[in-house]
Every structure is written in C-alpha cells, then in structure tokens.
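K.L.:
Here you go, this is target_32.cif (mmCIF, C-alpha atoms).
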```
data_target
loop_
_atom_site.label_atom_id
_atom_site.label_comp_id
_atom_site.auth_asym_id
_atom_site.auth_seq_id
_atom_site.Cartn_x
_atom_site.Cartn_y
_atom_site.Cartn_z
CA MET A 14 -58.25 68.09 -5.75
CA SER A 15 -56.06 71.10 -5.00
CA ARG A 16 -56.72 70.79 -1.24
CA PHE A 17 -54.67 67.56 -1.26
CA ALA A 18 -51.62 69.13 -2.90
CA PRO A 19 -50.03 70.52 0.33
CA LEU A 20 -50.15 67.06 1.92
CA ALA A 21 -48.48 65.47 -1.08
CA LEU A 22 -45.80 68.15 -1.30
CA ALA A 23 -44.99 67.89 2.35
CA LEU A 24 -44.71 64.13 2.23
CA ALA A 25 -42.48 64.33 -0.83
CA LEU A 26 -39.99 66.45 1.13
CA ALA A 27 -40.13 64.27 4.21
CA ALA A 28 -37.91 61.62 2.68
CA PRO A 29 -36.38 58.95 4.97
CA PRO A 30 -32.63 58.56 5.29
CA VAL A 31 -30.78 57.28 2.27
CA THR A 32 -30.63 53.49 1.93
CA ALA A 33 -27.58 51.42 1.19
CA SER A 34 -28.68 50.96 -2.42
CA ALA A 35 -28.75 54.67 -3.18
CA THR A 36 -25.76 56.99 -3.35
CA ASP A 37 -25.61 60.34 -1.61
CA GLU A 38 -25.35 62.05 -4.98
CA VAL A 39 -28.59 60.50 -6.31
CA TYR A 40 -30.49 61.39 -3.19
CA THR A 41 -29.16 64.94 -3.29
CA VAL A 42 -30.44 65.35 -6.85
CA ILE A 43 -33.81 63.88 -5.85
CA ARG A 44 -34.11 66.26 -2.91
CA GLU A 45 -33.04 69.36 -4.86
CA GLN A 46 -35.21 68.66 -7.90
CA GLY A 47 -38.12 67.70 -5.68
CA ALA A 48 -37.85 71.00 -3.81
CA ALA A 49 -37.60 72.93 -7.10
CA ALA A 50 -40.64 71.09 -8.42
CA ASN A 51 -42.62 71.92 -5.27
CA THR A 52 -41.67 75.60 -5.62
CA ALA A 53 -42.67 75.71 -9.29
CA PHE A 54 -45.95 73.99 -8.44
CA SER A 55 -46.78 76.46 -5.67
CA GLN A 56 -46.00 79.35 -8.04
CA GLY A 57 -48.34 77.97 -10.70
CA ASP A 58 -45.58 77.04 -13.13
CA PHE A 59 -47.02 73.60 -13.77
CA ALA A 60 -45.06 72.93 -16.96
CA THR A 61 -41.71 73.35 -15.16
CA ALA A 62 -42.98 71.41 -12.16
CA ALA A 63 -44.05 68.54 -14.42
CA GLN A 64 -40.61 68.32 -16.00
CA LEU A 65 -38.94 68.25 -12.59
CA TYR A 66 -41.36 65.66 -11.18
CA GLU A 67 -40.74 63.47 -14.23
CA ALA A 68 -37.01 63.56 -13.52
CA VAL A 69 -37.57 62.81 -9.83
CA GLU A 70 -39.85 59.89 -10.70
CA LYS A 71 -37.18 58.31 -12.88
CA LEU A 72 -34.56 58.65 -10.14
CA LEU A 73 -36.82 57.32 -7.39
CA GLN A 74 -37.48 54.22 -9.47
CA THR A 75 -33.79 53.35 -9.07
CA VAL A 76 -33.92 53.63 -5.27
CA GLU A 77 -35.16 50.78 -3.11
CA GLY A 78 -37.61 51.37 -0.27
CA ARG A 79 -39.04 54.62 -1.64
CA ASP A 80 -42.42 53.36 -2.87
CA LYS A 81 -44.36 55.86 -0.78
CA GLU A 82 -42.37 58.87 -1.95
CA LEU A 83 -42.55 57.61 -5.53
CA ALA A 84 -46.34 57.36 -5.31
CA ILE A 85 -46.58 60.92 -3.98
CA VAL A 86 -44.32 62.30 -6.72
CA ARG A 87 -46.52 60.56 -9.28
CA PHE A 88 -49.58 62.14 -7.70
CA ASN A 89 -47.91 65.57 -7.91
CA LEU A 90 -47.07 64.88 -11.54
CA GLY A 91 -50.71 64.01 -12.18
CA ARG A 92 -51.77 67.28 -10.55
CA CYS A 93 -49.46 69.20 -12.91
CA TYR A 94 -50.87 67.46 -15.97
CA ASP A 95 -54.38 68.09 -14.65
CA GLU A 96 -53.70 71.82 -14.33
CA LEU A 97 -52.14 71.88 -17.81
CA GLY A 98 -55.25 70.26 -19.32
CA GLN A 99 -53.37 67.09 -20.30
CA LYS A 100 -56.09 64.82 -18.99
CA VAL A 101 -54.83 61.56 -20.46
CA ASP A 102 -51.32 62.10 -19.04
CA ALA A 103 -52.86 63.07 -15.71
CA LEU A 104 -54.91 59.90 -15.65
CA GLU A 105 -51.87 57.73 -16.30
CA ALA A 106 -49.88 59.47 -13.55
CA TYR A 107 -52.73 59.11 -11.05
CA ARG A 108 -53.02 55.42 -11.87
CA ARG A 109 -49.29 54.93 -11.30
CA SER A 110 -49.54 56.71 -7.96
CA LEU A 111 -52.26 54.32 -6.79
CA THR A 112 -49.83 51.40 -7.13
CA GLY A 113 -47.92 52.76 -4.10
CA PRO A 114 -48.76 52.69 -0.38
CA LEU A 115 -50.81 55.89 -0.16
CA ALA A 116 -52.95 56.70 2.83
CA ALA A 117 -56.69 56.37 2.34
CA GLN A 118 -57.30 60.12 2.77
CA LEU A 119 -55.18 60.70 -0.36
CA ALA A 120 -55.85 57.50 -2.31
CA ASP A 121 -59.65 57.79 -2.18
CA PRO A 122 -59.78 61.27 -3.80
CA ILE A 123 -57.28 60.09 -6.42
CA ARG A 124 -59.53 57.15 -7.30
CA GLU A 125 -62.49 59.52 -7.59
CA ARG A 126 -60.50 61.79 -9.91
CA VAL A 127 -59.47 58.78 -11.98
CA ARG A 128 -63.13 57.86 -12.44
CA GLU A 129 -63.95 61.44 -13.48
CA LEU A 130 -61.13 61.51 -16.01
CA GLU A 131 -62.03 58.11 -17.41
CA SER A 132 -65.55 59.38 -18.06
CA ALA A 133 -64.63 62.80 -19.46
CA ALA A 134 -61.13 62.50 -20.92
CA LEU A 135 -61.25 59.00 -22.37
CA GLY A 136 -63.60 57.20 -24.70
CA ARG A 137 -65.13 53.79 -25.20
CA ILE A 138 -65.33 51.33 -28.11
CA LEU A 139 -68.34 49.05 -28.45
CA VAL A 140 -67.44 46.12 -30.72
CA LEU A 141 -70.43 44.47 -32.39
CA CYS A 142 -70.40 41.16 -34.25
CA ASP A 143 -72.68 38.19 -34.81
CA VAL A 144 -70.21 35.32 -34.87
CA GLN A 145 -70.63 32.78 -32.07
CA GLY A 146 -67.41 32.27 -30.13
CA ALA A 147 -65.49 35.11 -31.79
CA THR A 148 -63.01 37.18 -29.77
CA VAL A 149 -62.14 40.86 -30.08
CA ALA A 150 -59.15 42.83 -28.84
CA LEU A 151 -57.85 46.37 -28.97
CA VAL A 152 -54.54 46.33 -30.84
CA GLY A 153 -51.82 47.43 -28.44
CA GLY A 154 -53.84 46.48 -25.37
CA ASP A 155 -53.98 43.40 -23.16
CA GLU A 156 -57.74 43.01 -22.87
CA GLN A 157 -59.49 40.33 -24.93
CA ALA A 158 -63.21 39.66 -24.86
CA GLY A 159 -66.13 38.28 -26.81
CA CYS A 160 -68.43 39.99 -29.27
CA ASN A 161 -70.49 42.98 -28.18
CA HIS A 162 -67.88 44.02 -25.62
CA THR A 163 -67.17 47.64 -24.65
CA PHE A 164 -63.54 48.67 -24.21
CA THR A 165 -63.42 51.48 -21.66
CA GLY A 166 -60.75 54.00 -20.77
CA VAL A 167 -59.47 54.29 -24.34
CA ALA A 168 -57.38 57.33 -25.19
CA PRO A 169 -58.87 59.65 -27.84
CA GLY A 170 -57.54 59.16 -31.34
CA PRO A 171 -57.29 56.38 -33.94
CA HIS A 172 -57.31 52.76 -32.79
CA VAL A 173 -57.62 49.34 -34.39
CA ILE A 174 -59.89 46.47 -33.36
CA LEU A 175 -58.74 42.90 -34.09
CA ALA A 176 -61.45 40.25 -34.34
CA ARG A 177 -60.95 36.49 -34.67
CA SER A 178 -63.63 33.97 -35.54
CA PRO A 179 -63.48 30.36 -34.26
CA ASP A 180 -62.44 29.17 -37.73
CA GLY A 181 -59.36 31.41 -37.64
CA ARG A 182 -60.65 34.21 -39.83
CA GLU A 183 -59.28 37.61 -38.76
CA GLN A 184 -60.51 41.08 -39.45
CA ARG A 185 -59.17 44.48 -38.44
CA ALA A 186 -61.41 47.53 -38.19
CA PRO A 187 -60.48 51.16 -37.47
CA ALA A 188 -62.05 53.11 -34.62
CA GLU A 189 -61.73 56.87 -34.07
CA VAL A 190 -62.23 57.46 -30.35
CA VAL A 191 -63.59 60.75 -29.05
CA LYS A 192 -63.24 61.70 -25.39
CA GLY A 193 -66.33 61.12 -23.31
CA ALA A 194 -68.12 59.21 -26.08
CA THR A 195 -68.72 55.64 -27.21
CA VAL A 196 -67.92 54.67 -30.78
CA GLU A 197 -69.45 51.55 -32.33
CA VAL A 198 -67.42 49.22 -34.54
CA ARG A 199 -68.93 46.25 -36.38
CA VAL A 200 -66.67 43.35 -37.33
CA LEU A 201 -67.01 39.86 -38.79
CA THR A 202 -70.12 40.81 -40.71
CA PRO A 203 -71.76 38.08 -42.82
CA GLU A 204 -70.24 37.58 -46.24
CA PRO A 205 -72.37 38.81 -49.16
CA GLU A 206 -74.33 36.13 -50.99
CA GLY A 207 -72.17 36.57 -54.06
CA PRO A 208 -70.42 39.12 -56.26
CA VAL A 209 -72.56 41.52 -58.25
CA ASN A 210 -72.52 40.70 -61.95
CA VAL A 211 -71.61 44.20 -63.10
CA LEU A 212 -71.32 43.24 -66.77
CA ALA A 213 -74.72 41.52 -66.92
CA TRP A 214 -76.49 44.34 -65.12
CA SER A 215 -74.77 46.97 -67.28
CA LEU A 216 -75.70 45.20 -70.53
CA THR A 217 -79.25 44.66 -69.33
CA GLY A 218 -79.61 48.32 -68.45
CA GLY A 219 -78.11 49.37 -71.77
CA ALA A 220 -80.48 47.08 -73.67
CA ALA A 221 -83.48 48.49 -71.79
CA LEU A 222 -82.43 52.05 -72.58
CA SER A 223 -81.83 51.18 -76.23
CA PHE A 224 -85.26 49.58 -76.61
CA ALA A 225 -86.84 52.58 -74.90
CA GLY A 226 -84.98 54.86 -77.31
CA TRP A 227 -86.09 52.77 -80.29
CA LEU A 228 -89.73 52.98 -79.22
CA GLY A 229 -89.53 56.74 -78.71
CA LEU A 230 -87.85 57.29 -82.07
CA TYR A 231 -90.31 55.00 -83.86
CA LEU A 232 -93.30 56.83 -82.41
CA GLY A 233 -91.68 60.13 -83.35
CA ALA A 234 -91.24 58.94 -86.95
CA GLU A 235 -94.89 57.85 -87.10
CA ALA A 236 -95.99 61.25 -85.81
CA ALA A 237 -93.82 63.03 -88.40
CA VAL A 238 -95.40 60.95 -91.22
CA GLU A 239 -98.86 61.87 -89.98
CA ASP A 240 -97.85 65.54 -89.97
CA GLY A 241 -96.62 65.19 -93.54
CA VAL A 242 -99.94 63.71 -94.67
CA ARG A 243 -101.83 66.49 -92.95
CA PHE A 244 -99.66 69.18 -94.56
CA GLY A 245 -100.15 67.49 -97.95
CA ASN A 246 -103.91 67.68 -97.58
CA LEU A 247 -103.68 71.33 -96.66
CA ALA A 248 -101.42 72.11 -99.62
CA THR A 249 -104.20 71.52 -102.24
CA ARG A 250 -106.38 74.56 -102.81
CA ASP A 251 -109.97 74.48 -103.96
CA ASP A 252 -108.97 75.72 -107.41
CA GLY A 253 -106.58 72.78 -107.88
CA THR A 254 -103.39 74.77 -107.26
CA PHE A 255 -100.91 74.03 -104.46
CA ASP A 256 -99.80 76.13 -101.52
CA GLN A 257 -95.98 76.03 -101.50
CA LYS A 258 -95.85 76.74 -97.78
CA PHE A 259 -97.63 73.51 -96.93
CA LEU A 260 -95.63 71.57 -99.47
CA ASP A 261 -92.40 72.70 -97.80
CA ALA A 262 -93.80 71.74 -94.41
CA GLN A 263 -94.77 68.33 -95.81
CA LYS A 264 -91.26 67.71 -97.13
CA GLU A 265 -89.71 68.77 -93.82
CA SER A 266 -91.97 66.36 -91.92
CA TYR A 267 -91.11 63.46 -94.24
CA ASP A 268 -87.38 64.23 -93.90
CA GLN A 269 -87.72 64.27 -90.14
CA ALA A 270 -89.65 60.99 -90.24
CA GLU A 271 -86.87 59.39 -92.31
CA THR A 272 -84.19 60.59 -89.89
CA LEU A 273 -86.10 59.33 -86.85
CA ALA A 274 -86.80 56.01 -88.52
CA THR A 275 -83.10 55.51 -89.30
CA ALA A 276 -82.17 56.35 -85.72
CA SER A 277 -84.81 53.98 -84.42
CA TYR A 278 -83.35 51.12 -86.48
CA VAL A 279 -79.92 51.85 -85.03
CA ALA A 280 -81.33 51.91 -81.48
CA LEU A 281 -83.19 48.67 -82.14
CA GLY A 282 -80.05 46.97 -83.46
CA LEU A 283 -78.03 48.19 -80.48
CA GLY A 284 -80.72 46.98 -78.10
CA VAL A 285 -80.75 43.54 -79.70
CA ALA A 286 -76.96 43.32 -79.48
CA LEU A 287 -76.90 44.44 -75.84
CA ALA A 288 -79.72 42.05 -74.99
CA ALA A 289 -77.77 39.19 -76.54
CA GLY A 290 -74.68 40.20 -74.59
CA ALA A 291 -76.67 40.46 -71.37
CA THR A 292 -78.10 36.98 -71.94
CA TRP A 293 -74.60 35.60 -72.39
CA ALA A 294 -73.33 37.46 -69.30
CA TRP A 295 -76.10 36.09 -67.11
CA LEU A 296 -75.65 32.54 -68.37
CA ALA A 297 -71.85 32.67 -68.23
CA ASP A 298 -71.66 34.22 -64.74
CA ASP A 299 -69.30 31.95 -62.82
CA GLY A 300 -67.71 34.50 -60.50
CA ASP A 301 -64.50 34.54 -62.53
CA PRO A 302 -62.23 37.12 -60.81
CA SER A 303 -60.45 37.78 -64.09
CA LEU A 304 -63.53 39.59 -65.36
CA ALA A 305 -63.16 43.34 -65.07
CA VAL A 306 -65.63 45.92 -66.29
CA THR A 307 -65.21 49.67 -66.36
CA PRO A 308 -67.88 52.19 -67.42
CA TRP A 309 -66.72 54.52 -70.17
CA ILE A 310 -67.99 57.96 -71.10
CA GLY A 311 -66.81 59.39 -74.39
CA PRO A 312 -67.65 62.29 -76.64
CA ASP A 313 -69.98 60.09 -78.69
CA GLY A 314 -71.90 58.44 -75.85
CA LEU A 315 -71.70 55.84 -73.12
CA GLY A 316 -69.94 52.49 -73.21
CA ILE A 317 -68.36 49.67 -71.23
CA VAL A 318 -64.77 48.53 -71.36
CA GLY A 319 -64.30 44.89 -70.32
CA ARG A 320 -61.33 42.62 -69.69
CA PHE A 321 -61.88 38.87 -69.98
#
```
With the file now loaded, output its structure as structure tokens.
P.N.:
Amino acid sequence: MSRFAPLALALALAAPPVTASATDEVYTVIREQGAAANTAFSQGDFATAAQLYEAVEKLLQTVEGRDKELAIVRFNLGRCYDELGQKVDALEAYRRSLTGPLAAQLADPIRERVRELESAALGRILVLCDVQGATVALVGGDEQAGCNHTFTGVAPGPHVILARSPDGREQRAPAEVVKGATVEVRVLTPEPEGPVNVLAWSLTGGAALSFAGWLGLYLGAEAAVEDGVRFGNLATRDDGTFDQKFLDAQKESYDQAETLATASYVALGLGVALAAGATWAWLADDGDPSLAVTPWIGPDGLGIVGRF
C-alpha cells in the first residue's frame, strides 16, 4: 500500500480554511504537527510519525467539517503502524479511516488491506454447544449469536466467552486467540449423570487388592509347607540318621509358612472390613456434599482419610 501514501500525505496538507468552530491556534498546531508527521513518515521514522499523527487525530476530532482530513490522517496512522509491525493497531486505524469520506481509489485498497490484516493479524473463536436456543457472546464485544457461531476479527490474546441457556444458566469459558487461527471453545456441555462415589470405589478397590494379597500369601504359605515336608523326607538317611542341613531347611520353610499364613489372615481380615465398608458406601450413596475423601500415603502403607 505504499504507493497510496503520497496521495494521503498531500491531501492531509491541503486543508481547507479554518472554520468558525476552530481557533487559529488549534489549526496552526494541526498544520505544524501534520507537516512534521509527513516529514518523519517520508524519512522512515514511523514511530515518531505515529505519535504525531495520533496528536493530529485528537485535534481534528475537535474541529467541525474536517471529516475528510481526519480520515486521511487515520489512514497515515494505519500506515505507520503497518510499517512498525503493529498489525492490530494498524487494522483499527484503517477501520476508523473508512468511516470518513475517502475517494474510492484510496478506500478500496484500504478495505483490501483490512481484509488481509483480519485474516493474518487477527484470530477467530468458534463457540460450540448443544443447547437449543442458547446464546453466546464475546465478553467486551457487542456481537451476540447462537451456538456454533464463529467470532471473527478477534485480537490475539486471552478472551472470555459468555454463554446463556434459555433457562438462564450462564457459563464463562476462556479462549486464547492466536493470530491467523481459529480456536474452538465448547460451552454449556451436558451435566454429568451424577457425582463419582470416590469412597465406594476406593473401598472396593482396596478390598479387591486385599483379597488378592490374601490369596497370594495363602498360596505362598501352602508352598512353604510343601517345601518343609519335602526337606523332612530328604533329611532321613538310609541308616536312620538325620541330615542336619535338610532339617534346618525344613525349619526355615515351616517358619516362612507360619509368617505367610499370619500375613494372609491379616490381609483377609482387612479385605473383609474394606468389603463391608464398600457395601455401606454403595448403599448409603446419596450425593451428600459433606462427604469428603482424601487418599493418604504413609510410611506404613496406603489409606483413605474421610470426612462425614
């Protein structure tokens, strides 16, 4: 769009005579700052030019009958932002310039640039929901639409979507917009069928593990007893004497069997207790919000801390 800059700069300097609603001092400032902005622009100092055009824009807004010059200054401001890589600011300035009486040879390229910036510099938000008659809106914006609507021309960064169902239920959802991309946000999703009974599931799982441990320990004890019997048979020699090595092995096997058997009884008792608690938890599940369960891991094993 640089080929349109000389036209805009020339028009900005060709200001009509001062009107009755503007003082000579204000117009003098507008003319001097406008000329300084044009010089900075032509020299490639776009940051300085942007500051000067911003000041000129504010002053021109106080003067009646200067809509055309105001539109051109806004276009020049957009060009500065464009050169500085501030695409969102450039887009806003170009849009403001199009509200003025610009000639078609300048307005048409501006509109084309606006479309390019909207596609590359801004993002889109696709709002998905399955509630009939619900409305969605972008917080801070004026647009309101139904479900599955795409908000276009959204500045990159964090935004918030507000959804309202016909029954008055509201939900807010965050959306992180990336330039040139479409982000999907789902709102007003169906409510879950019910809360998960954490206590019941935890007790059930604990009971299952305890019974599995009991079975493993019991089978281990049985195997140790069988080893003890086998070592006992091997301990008797043909001459009627005993081999102390096999006797020691037999005693060790029986001791191990006793230890495993004791542990199996403990696991069985724990499993029965957890199974009873799980049965109560399933039967007593009434969705009471005062129920709170927290898993606990300690030096001696796993547990559950509950508040009732």
K.L.:
List as a ChimeraX atom specification the protein and nucleic acid residues near range 92-108 of chain A, meaning an atom at most 12 Å away when all atoms listed in the file are counted, but skip any in the same chain fewer than 5 places from it.
P.N.:
/A:14-19,21-22,50-51,53-67,70,83-87,113,115,119-136,166-170,192-193
K.L.:
Taking C-alpha atoms for each residue, export the selection above as a compact mmCIF listing (two decimals), in the coordinates of the input.
P.N.:
```txt
# COMPACT_ATOMS: atom_id res chain seq x y z
CA MET A 14 -58.25 68.09 -5.75
CA SER A 15 -56.06 71.10 -5.00
CA ARG A 16 -56.72 70.79 -1.24
CA PHE A 17 -54.67 67.56 -1.26
CA ALA A 18 -51.62 69.13 -2.90
CA PRO A 19 -50.03 70.52 0.33
CA ALA A 21 -48.48 65.47 -1.08
CA LEU A 22 -45.80 68.15 -1.30
CA ALA A 50 -40.64 71.09 -8.42
CA ASN A 51 -42.62 71.92 -5.27
CA ALA A 53 -42.67 75.71 -9.29
CA PHE A 54 -45.95 73.99 -8.44
CA SER A 55 -46.78 76.46 -5.67
CA GLN A 56 -46.00 79.35 -8.04
CA GLY A 57 -48.34 77.97 -10.70
CA ASP A 58 -45.58 77.04 -13.13
CA PHE A 59 -47.02 73.60 -13.77
CA ALA A 60 -45.06 72.93 -16.96
CA THR A 61 -41.71 73.35 -15.16
CA ALA A 62 -42.98 71.41 -12.16
CA ALA A 63 -44.05 68.54 -14.42
CA GLN A 64 -40.61 68.32 -16.00
CA LEU A 65 -38.94 68.25 -12.59
CA TYR A 66 -41.36 65.66 -11.18
CA GLU A 67 -40.74 63.47 -14.23
CA GLU A 70 -39.85 59.89 -10.70
CA LEU A 83 -42.55 57.61 -5.53
CA ALA A 84 -46.34 57.36 -5.31
CA ILE A 85 -46.58 60.92 -3.98
CA VAL A 86 -44.32 62.30 -6.72
CA ARG A 87 -46.52 60.56 -9.28
CA GLY A 113 -47.92 52.76 -4.10
CA LEU A 115 -50.81 55.89 -0.16
CA LEU A 119 -55.18 60.70 -0.36
CA ALA A 120 -55.85 57.50 -2.31
CA ASP A 121 -59.65 57.79 -2.18
CA PRO A 122 -59.78 61.27 -3.80
CA ILE A 123 -57.28 60.09 -6.42
CA ARG A 124 -59.53 57.15 -7.30
CA GLU A 125 -62.49 59.52 -7.59
CA ARG A 126 -60.50 61.79 -9.91
CA VAL A 127 -59.47 58.78 -11.98
CA ARG A 128 -63.13 57.86 -12.44
CA GLU A 129 -63.95 61.44 -13.48
CA LEU A 130 -61.13 61.51 -16.01
CA GLU A 131 -62.03 58.11 -17.41
CA SER A 132 -65.55 59.38 -18.06
CA ALA A 133 -64.63 62.80 -19.46
CA ALA A 134 -61.13 62.50 -20.92
CA LEU A 135 -61.25 59.00 -22.37
CA GLY A 136 -63.60 57.20 -24.70
CA GLY A 166 -60.75 54.00 -20.77
CA VAL A 167 -59.47 54.29 -24.34
CA ALA A 168 -57.38 57.33 -25.19
CA PRO A 169 -58.87 59.65 -27.84
CA GLY A 170 -57.54 59.16 -31.34
CA LYS A 192 -63.24 61.70 -25.39
CA GLY A 193 -66.33 61.12 -23.31
```
K.L.:
Taking the file as shown, find all residues satisfying the PyMOL selection byres ((chain A and resi 171) around 10) and write them as a list in words.
P.N.:
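Written out, the selection comes to Ala168, Pro169, Gly170, His172, Val173, Pro187, Ala188, Glu189, Val190 and Val191 of chain A.
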K.L.:
Any chance you could resolve the PyMOL selection byres ((chain A and resi 288) around 9) against this file and give the residues as number ranges by chain?
P.N.:
A: 216-217, 219-221, 283-287, 289-293
K.L.:
Expand the PyMOL selection byres ((chain A and resi 238-255) around 10) into the explicit residue set it covers here, and present it as an mmCIF file with C-alpha atoms, in the frame of the given file.
P.N.:
```
data_model
loop_
_atom_site.group_PDB
_atom_site.id
_atom_site.type_symbol
_atom_site.label_atom_id
_atom_site.label_comp_id
_atom_site.auth_asym_id
_atom_site.auth_seq_id
_atom_site.Cartn_x
_atom_site.Cartn_y
_atom_site.Cartn_z
ATOM 1 C CA LEU A 232 -93.300 56.830 -82.410
ATOM 2 C CA GLY A 233 -91.680 60.130 -83.350
ATOM 3 C CA ALA A 234 -91.240 58.940 -86.950
ATOM 4 C CA GLU A 235 -94.890 57.850 -87.100
ATOM 5 C CA ALA A 236 -95.990 61.250 -85.810
ATOM 6 C CA ALA A 237 -93.820 63.030 -88.400
ATOM 7 C CA ASP A 256 -99.800 76.130 -101.520
ATOM 8 C CA GLN A 257 -95.980 76.030 -101.500
ATOM 9 C CA LYS A 258 -95.850 76.740 -97.780
ATOM 10 C CA PHE A 259 -97.630 73.510 -96.930
ATOM 11 C CA LEU A 260 -95.630 71.570 -99.470
ATOM 12 C CA ASP A 261 -92.400 72.700 -97.800
ATOM 13 C CA ALA A 262 -93.800 71.740 -94.410
ATOM 14 C CA GLN A 263 -94.770 68.330 -95.810
ATOM 15 C CA LYS A 264 -91.260 67.710 -97.130
ATOM 16 C CA GLU A 265 -89.710 68.770 -93.820
ATOM 17 C CA SER A 266 -91.970 66.360 -91.920
ATOM 18 C CA TYR A 267 -91.110 63.460 -94.240
ATOM 19 C CA ASP A 268 -87.380 64.230 -93.900
ATOM 20 C CA GLN A 269 -87.720 64.270 -90.140
ATOM 21 C CA ALA A 270 -89.650 60.990 -90.240
ATOM 22 C CA GLU A 271 -86.870 59.390 -92.310
#
```
K.L.:
Between A:Val149, A:Thr41, A:Val279, A:Asp155, single out the one closest to Ala186 in chain A, counting all atoms listed in the file.
P.N.:
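Residue with the minimum atom-to-atom distance to Ala186 in chain A: A:Val149.
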K.L.:
From the set A:Ala150, A:Leu139, A:Leu73, A:Leu228, which residue has the shortest atom-to-atom contact distance to Val198 in chain A, counting all atoms listed in the file?
P.N.:
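Looking only at the distances to Val198 in chain A, the closest residue turns out to be A:Leu139.
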K.L.:
Using all atoms listed in the file, which of A:Arg109, A:Trp214, A:Ala274, A:Ser178 sits nearest Trp227 in chain A?
P.N.:
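Comparing A:Arg109, A:Trp214, A:Ala274, A:Ser178 against Trp227 in chain A, the winner is A:Ala274.
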K.L.:
Rounded to one decimal in Å, what is the spacing between CA of Ala280 in chain A and CA of Ala213 in chain A?
P.N.:
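Separation between CA of Ala280 in chain A and CA of Ala213 in chain A: 19.1 Å.
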K.L.:
Interatomic distance between CA of Val140 in chain A and CA of Glu156 in chain A?
P.N.:
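Going from CA of Val140 in chain A over to CA of Glu156 in chain A covers 12.9 Å.
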K.L.:
Report, in Å with one decimal, the straight-line distance from CA of Ala194 in chain A to CA of Ser110 in chain A.
P.N.:
26.1 Å
K.L.:
Nearest residue to Val76 in chain A out of A:Val152, A:Ala147, A:Tyr231, A:Tyr40, using all atoms listed in the file?
P.N.:
A:Tyr40
